[in-house]
Amino acid sequence: MSTTVADLHDHHEDHGPAKGIGRWLFSTNHKDIGTMYLVFSLTMFFIGGVMAMVIRSELAIPGLQFVHPEFFNSMTTMHALIMVFGAVMPAFVGLANWMIPLMIGAPDMALPRMNNWSFWILPVAFSILLSTLFMPGGAPASGWTMYPPLVLQTGNAFPFLIFSVHLMGISSIMGAINVIVTIINMRAPDMTLLKMPMFVWTWLITAYLLIAVMPVLAGAVTMLLTDQFFGTSFFLAAGGGDPVMFQHIFWFFGHPEVYIMILPAFGVISEIIPTFSRKKLFGHDSMVYAASSIAFLSFIVWAHHMFTVGMPLTGQMFFMFATMLIAVPTGVKVFNWVATMWRGAMTFETPMLFSLAFVFLFTIGGFSGLMLAAAPADIQYHDTYFVVAHFHYVLVPGSIFAIMAGVYYWLPKWTGHMYDEKLGKLHFWTSTIFVNLAFFPMHFLGLAGMPRRIPDYSTQFTDFNTIASIGALGFGLSQLIFVLVLFRALKGAKATDRVWEGAHGLEWTLPSPAPYHTWETPPKARIAGEAFE
Amino acid sequence: MNEKPQKLNAENRSLTGRLLLLVAAMFGFGFLLVPLYDVFCEITGFGGRTNATAAVVKEAPDLSREIRVEFVTTVNSYAPFEFAADVDSMTVNPGKMYFATFTAKNLTRADRIAQAVPSVAPVAAAEHFTKIECFCFTSQEFDALEARAMPLQFIVDPNLPEYVDTITLQYTFFDTPRAAANNPL
């Protein structure tokens, strides 16, 4: 064993990537796998985006013009599943794969072969999910929350839906285990836990959330499967089950899930704002405690998604106040970002622009979340476009903007070339204007009573819907600029090692582009000290 | 040099093992939520759940108080039955036993088995609404096209909270063989 390890090690010294498709199929290199995750995520972002375009074109004017209501429901369901499990989560896992080893001075992820598996399961899972579009009975149309008994009426697609969710869960769990083991066991010798960069910290917390809740989702969908095919009655009232129980189990997974999609975003933003403010992150440790508190609270607020299904008054009060409590640690984070910028020598390159928009627009989404948390008010807002506006504000100019900020920020380190700043800024401004045009009117629609998940609506909702559709189309087209930026960054002006004047952190002490193998010997305390004092 | 990677490998393996245990435990926890939810519902009456087997209760009528008991019936969309309460509502005194009938008709030319599932609103009344005898305690067999009245005997507990003056008892009527075999129609 010891000779094998030594051999492998020697072998690796001057070993570049393998040639051809094999490099990608069999890769155990964290950078290759990170790249594959990011490219996969971008692909899914566009597939889910096309579905969003179908939804918005149907809703641009009242009446049924392009699609059947059944297909419309499939589009909302598939759009959500693809964006949540195919676009946002893999993008963050991709960033984790690329950056965590570079940031903590580790040569690779701790479990490289499992890393390969956890990526390659994803294309399989989503091929299965997308194949349901062509099945008799159509793709799943019950909403991504898969509530029974409605979801049990799905046609042939039903078992495929369940198995694809199982596979996505397995992939996420393996990715999460890998992240935890890497962070706990493979940090540079002098890097204590509280010296870790915020992105690493938020990912450590996220990974624990994933391990805690993805198995619960797997359990819930397994119960759906046995209810449908093996005669159990977990959720069938006729056999003594209770469909409401599914909602409890689902949201026990579902609420931590929304923090799984935002905590790494907090981490990315906490890396970028100090760089372009040329100051250290304000209150690093309080950020750690805030993120941990958010993670803990996420386990005891699930029933705020179900105020309208009926619940004793004490239950409503508990879930309402627990939910509002989350605003406190989140407020700490927003305060710290603003305090980091305070009197900083700020410049506004594309990653910083996306980060600033994140802080502002995510906070708007947070505020509408507080409104929804109020149990008496929620009875009016529930299942209206107000909810749609809320979660799109936290997910699009929230999570997605953070992912884009991260990509612009680290892209020169990945490719060795600067991206086109002009195009980047154009991408930012078009995205930001159109994202607000798309989602802000939805608040008004929801307050006026327009329900979500409908293909047609009363004529008084026409104007805001038309505006939202124009915004959505504009946002979709703006993302083509992003693809152009990415392609052009594969060559062109050389990036320096540090890339950004104010950048601190181990990843910036490496050459640009980052060599195929890095930190084969852990960074010395002196370099490291510069990075994480 | 050789010792270190080996030590790291062992550490990685043990941490991975512990994390996998956590995954398995959480998968189990998902299923554990099912009995926990049942216990929770039984204790609190959450979801309008009432007693599922016959109860023995002493009569102690409280003639000073009148409660309106309403009956609501729903037929599951897959159940080929007609199902309705013979009276829409009754005015009752707490602590006194009452009798009501519900009539169901099998609309098909085949024998069928049905199951009624009750729910009581408001939730606070659920634990104070006691069924002495109910057609919902067992499944009901119907011959082809058979119609028959089914009994319900109940008593409202005098400890019913002051603010409750109306109790709604709702039944959903299911076709159980379909629920059991799950043949999609």
# chains A, B, ... in the order shown; residues from 1 in each chain; ligands from 1
>>> select_by_dssp(residues="range 11-107 of chain A", states="helix (DSSP H, G or I)", output="PyMOL selection string")
chain A and resi 11-13+22-25+30-59+69-104
>>> closest_atom_pairs(of="chain A", to="chain B", cutoff="6 Å", atoms="only C-alpha atoms", output="tab-separated table")
residue	atom	partner	partner_atom	distance
A:Ser2	CA	B:Asn2	CA	5.7
A:Ile211	CA	B:Val23	CA	5.8
A:Ala212	CA	B:Met26	CA	6.0
A:Pro215	CA	B:Phe27	CA	4.5
A:Val216	CA	B:Gly30	CA	4.6
A:Gly219	CA	B:Gly30	CA	5.5
A:Gly231	CA	B:Ala180	CA	5.1
A:Ala238	CA	B:Phe174	CA	5.7
>>> atom_distance(atom1="CA of Met174 in chain A", atom2="CA of His255 in chain A")
20.4 Å
>>> residues_around(residues="Thr35 in chain A", least_positions_apart="4", cutoff="7 Å", atoms="only C-alpha atoms", output="JSON, numbers by chain")
{"A": [31, 39, 94]}
>>> select_by_dssp(residues="range 279-515 of chain A", states="strand (DSSP E or B)", output="list in words")
Thr384, His417, Pro451 and Lys494 of chain A
>>> closest_residue(among="B:Glu141, B:Glu133, B:Asp86, B:Glu127", to="Ile113 in chain B", atoms="only C-alpha atoms")
B:Glu141
>>> closest_residue(among="B:Ser64, B:Thr103, B:Ser119, B:Thr130", to="Gln153 in chain B", atoms="only C-alpha atoms")
B:Thr130
>>> closest_residue(among="B:Thr168, B:Thr108, B:Asn93, B:Asn159", to="Leu63 in chain B", atoms="only C-alpha atoms")
B:Asn93
>>> residues_around(residues="Ala139 in chain A", least_positions_apart="4", cutoff="9 Å", atoms="only C-alpha atoms", output="list in words")
Phe71, Asn73, Ser74, Met75, Thr77, Met78, Leu129, Leu130, Ser131, Thr132, Leu133, Phe134, Met135, Thr154, Gly155, Asn156, Ala157, Phe158 and Leu161 of chain A
>>> write_last_selection(atoms="N, CA and C atoms", output="PDB file, in the first residue's frame")
ATOM      1  N   PHE A  71     -49.964  20.888 -20.031  1.00  0.00           N
ATOM      2  CA  PHE A  71     -48.553  21.072 -20.364  1.00  0.00           C
ATOM      3  C   PHE A  71     -47.991  22.273 -19.608  1.00  0.00           C
ATOM      4  N   ASN A  73     -48.805  23.183 -16.643  1.00  0.00           N
ATOM      5  CA  ASN A  73     -48.481  22.696 -15.301  1.00  0.00           C
ATOM      6  C   ASN A  73     -47.187  21.891 -15.301  1.00  0.00           C
ATOM      7  N   SER A  74     -46.976  21.110 -16.363  1.00  0.00           N
ATOM      8  CA  SER A  74     -45.710  20.388 -16.474  1.00  0.00           C
ATOM      9  C   SER A  74     -44.543  21.359 -16.529  1.00  0.00           C
ATOM     10  N   MET A  75     -44.747  22.463 -17.249  1.00  0.00           N
ATOM     11  CA  MET A  75     -43.660  23.436 -17.388  1.00  0.00           C
ATOM     12  C   MET A  75     -43.299  24.054 -16.040  1.00  0.00           C
ATOM     13  N   THR A  77     -43.747  22.780 -13.091  1.00  0.00           N
ATOM     14  CA  THR A  77     -43.143  21.736 -12.267  1.00  0.00           C
ATOM     15  C   THR A  77     -41.703  21.464 -12.677  1.00  0.00           C
ATOM     16  N   MET A  78     -41.517  21.259 -13.981  1.00  0.00           N
ATOM     17  CA  MET A  78     -40.178  20.904 -14.474  1.00  0.00           C
ATOM     18  C   MET A  78     -39.214  22.083 -14.340  1.00  0.00           C
ATOM     19  N   LEU A 129     -35.398  12.608 -15.885  1.00  0.00           N
ATOM     20  CA  LEU A 129     -36.451  13.592 -15.619  1.00  0.00           C
ATOM     21  C   LEU A 129     -36.946  14.218 -16.920  1.00  0.00           C
ATOM     22  N   LEU A 130     -36.006  14.598 -17.802  1.00  0.00           N
ATOM     23  CA  LEU A 130     -36.413  15.261 -19.045  1.00  0.00           C
ATOM     24  C   LEU A 130     -37.127  14.296 -19.988  1.00  0.00           C
ATOM     25  N   SER A 131     -36.789  13.006 -19.906  1.00  0.00           N
ATOM     26  CA  SER A 131     -37.437  12.038 -20.793  1.00  0.00           C
ATOM     27  C   SER A 131     -38.940  11.958 -20.524  1.00  0.00           C
ATOM     28  N   THR A 132     -39.364  12.354 -19.311  1.00  0.00           N
ATOM     29  CA  THR A 132     -40.795  12.272 -19.012  1.00  0.00           C
ATOM     30  C   THR A 132     -41.607  13.225 -19.873  1.00  0.00           C
ATOM     31  N   LEU A 133     -40.948  14.231 -20.473  1.00  0.00           N
ATOM     32  CA  LEU A 133     -41.657  15.159 -21.367  1.00  0.00           C
ATOM     33  C   LEU A 133     -42.257  14.415 -22.554  1.00  0.00           C
ATOM     34  N   PHE A 134     -41.677  13.274 -22.905  1.00  0.00           N
ATOM     35  CA  PHE A 134     -42.113  12.556 -24.103  1.00  0.00           C
ATOM     36  C   PHE A 134     -42.934  11.319 -23.764  1.00  0.00           C
ATOM     37  N   MET A 135     -43.367  11.208 -22.504  1.00  0.00           N
ATOM     38  CA  MET A 135     -44.086   9.997 -22.105  1.00  0.00           C
ATOM     39  C   MET A 135     -45.586  10.182 -22.210  1.00  0.00           C
ATOM     40  N   THR A 154     -50.135  11.450 -11.617  1.00  0.00           N
ATOM     41  CA  THR A 154     -49.179  11.556 -12.715  1.00  0.00           C
ATOM     42  C   THR A 154     -49.203  10.254 -13.508  1.00  0.00           C
ATOM     43  N   GLY A 155     -49.018  10.355 -14.815  1.00  0.00           N
ATOM     44  CA  GLY A 155     -49.082   9.153 -15.655  1.00  0.00           C
ATOM     45  C   GLY A 155     -47.839   8.300 -15.542  1.00  0.00           C
ATOM     46  N   ASN A 156     -47.363   7.797 -16.674  1.00  0.00           N
ATOM     47  CA  ASN A 156     -46.188   6.928 -16.668  1.00  0.00           C
ATOM     48  C   ASN A 156     -44.959   7.616 -16.115  1.00  0.00           C
ATOM     49  N   ALA A 157     -45.000   8.947 -16.068  1.00  0.00           N
ATOM     50  CA  ALA A 157     -43.822   9.696 -15.625  1.00  0.00           C
ATOM     51  C   ALA A 157     -43.543   9.511 -14.143  1.00  0.00           C
ATOM     52  N   PHE A 158     -44.556   9.067 -13.366  1.00  0.00           N
ATOM     53  CA  PHE A 158     -44.437   9.084 -11.912  1.00  0.00           C
ATOM     54  C   PHE A 158     -43.198   8.356 -11.362  1.00  0.00           C
ATOM     55  N   LEU A 161     -40.074  10.225 -12.162  1.00  0.00           N
ATOM     56  CA  LEU A 161     -39.906  11.408 -11.311  1.00  0.00           C
ATOM     57  C   LEU A 161     -39.261  11.007  -9.987  1.00  0.00           C
TER      58      LEU A 161
END
>>> residues_around(residues="Asp165 in chain B", least_positions_apart="5", cutoff="10 Å", atoms="only C-alpha atoms", output="list of chain:residue names")
B:Arg65, B:Glu66, B:Ile67, B:Arg68, B:Val69, B:Ala125, B:Leu160
>>> write_last_selection(atoms="all heavy atoms", output="CSV table (one decimal), in the first residue's frame")
chain,number,residue,atom,x,y,z
B,65,ARG,N,-76.6,23.5,27.9
B,65,ARG,CA,-75.8,23.9,26.8
B,65,ARG,C,-76.3,23.2,25.5
B,65,ARG,O,-76.6,22.0,25.6
B,65,ARG,CB,-74.4,23.6,27.1
B,65,ARG,CG,-73.4,24.4,26.3
B,65,ARG,CD,-72.0,24.1,26.8
B,65,ARG,NE,-71.1,24.5,25.7
B,65,ARG,CZ,-69.8,24.1,25.6
B,65,ARG,NH1,-69.3,23.3,26.5
B,65,ARG,NH2,-69.1,24.5,24.6
B,66,GLU,N,-76.4,24.0,24.4
B,66,GLU,CA,-76.8,23.4,23.1
B,66,GLU,C,-75.7,23.5,22.1
B,66,GLU,O,-75.2,24.6,21.9
B,66,GLU,CB,-78.1,24.0,22.7
B,66,GLU,CG,-79.3,23.5,23.4
B,66,GLU,CD,-80.6,23.9,22.8
B,66,GLU,OE1,-80.6,24.8,22.0
B,66,GLU,OE2,-81.6,23.2,23.0
B,67,ILE,N,-75.4,22.4,21.5
B,67,ILE,CA,-74.3,22.5,20.4
B,67,ILE,C,-75.0,22.0,19.1
B,67,ILE,O,-75.8,21.1,19.1
B,67,ILE,CB,-73.2,21.5,20.8
B,67,ILE,CG1,-72.7,21.6,22.2
B,67,ILE,CG2,-72.1,21.6,19.8
B,67,ILE,CD1,-71.9,22.9,22.5
B,68,ARG,N,-74.6,22.7,18.1
B,68,ARG,CA,-75.0,22.3,16.7
B,68,ARG,C,-74.0,21.4,16.1
B,68,ARG,O,-72.8,21.7,16.1
B,68,ARG,CB,-75.2,23.6,15.9
B,68,ARG,CG,-76.0,23.4,14.6
B,68,ARG,CD,-76.1,24.8,14.0
B,68,ARG,NE,-76.0,24.7,12.6
B,68,ARG,CZ,-77.0,24.5,11.8
B,68,ARG,NH1,-78.2,24.3,12.3
B,68,ARG,NH2,-76.9,24.4,10.5
B,69,VAL,N,-74.4,20.2,15.7
B,69,VAL,CA,-73.5,19.3,15.0
B,69,VAL,C,-73.9,19.2,13.6
B,69,VAL,O,-75.1,18.8,13.3
B,69,VAL,CB,-73.6,17.9,15.7
B,69,VAL,CG1,-72.7,16.9,14.9
B,69,VAL,CG2,-73.1,17.9,17.1
B,125,ALA,N,-62.4,20.7,18.9
B,125,ALA,CA,-63.5,19.9,19.3
B,125,ALA,C,-63.2,18.4,19.0
B,125,ALA,O,-64.0,17.6,19.5
B,125,ALA,CB,-64.7,20.3,18.4
B,160,LEU,N,-66.2,20.2,26.4
B,160,LEU,CA,-66.0,21.0,25.1
B,160,LEU,C,-65.7,22.4,25.5
B,160,LEU,O,-66.4,23.0,26.3
B,160,LEU,CB,-67.2,20.8,24.3
B,160,LEU,CG,-67.1,21.5,22.9
B,160,LEU,CD1,-66.3,20.6,22.0
B,160,LEU,CD2,-68.6,21.6,22.3
>>> closest_residue(among="A:Ala357, A:Leu225, A:Leu81, A:Leu423", to="Ser478 in chain A", atoms="only C-alpha atoms")
A:Leu423
>>> closest_residue(among="A:His248, A:His427, A:Arg187, A:Lys279", to="Gly474 in chain A", atoms="only C-alpha atoms")
A:His427
>>> residues_around(residues="Ala85 in chain B", least_positions_apart="4", cutoff="9 Å", atoms="only C-alpha atoms", output="JSON, numbers by chain")
{"B": [71, 72, 73, 89, 100, 101, 102, 103, 104]}
>>> residues_around(residues="Lys96 in chain B", least_positions_apart="6", cutoff="7 Å", atoms="only C-alpha atoms", output="PyMOL selection string")
chain B and resi 59-61+155
>>> atom_distance(atom1="CA of Lys491 in chain A", atom2="CA of Gly416 in chain A")
8.1 Å
>>> atom_distance(atom1="CA of Asp143 in chain B", atom2="CA of Phe229 in chain A")
27.3 Å
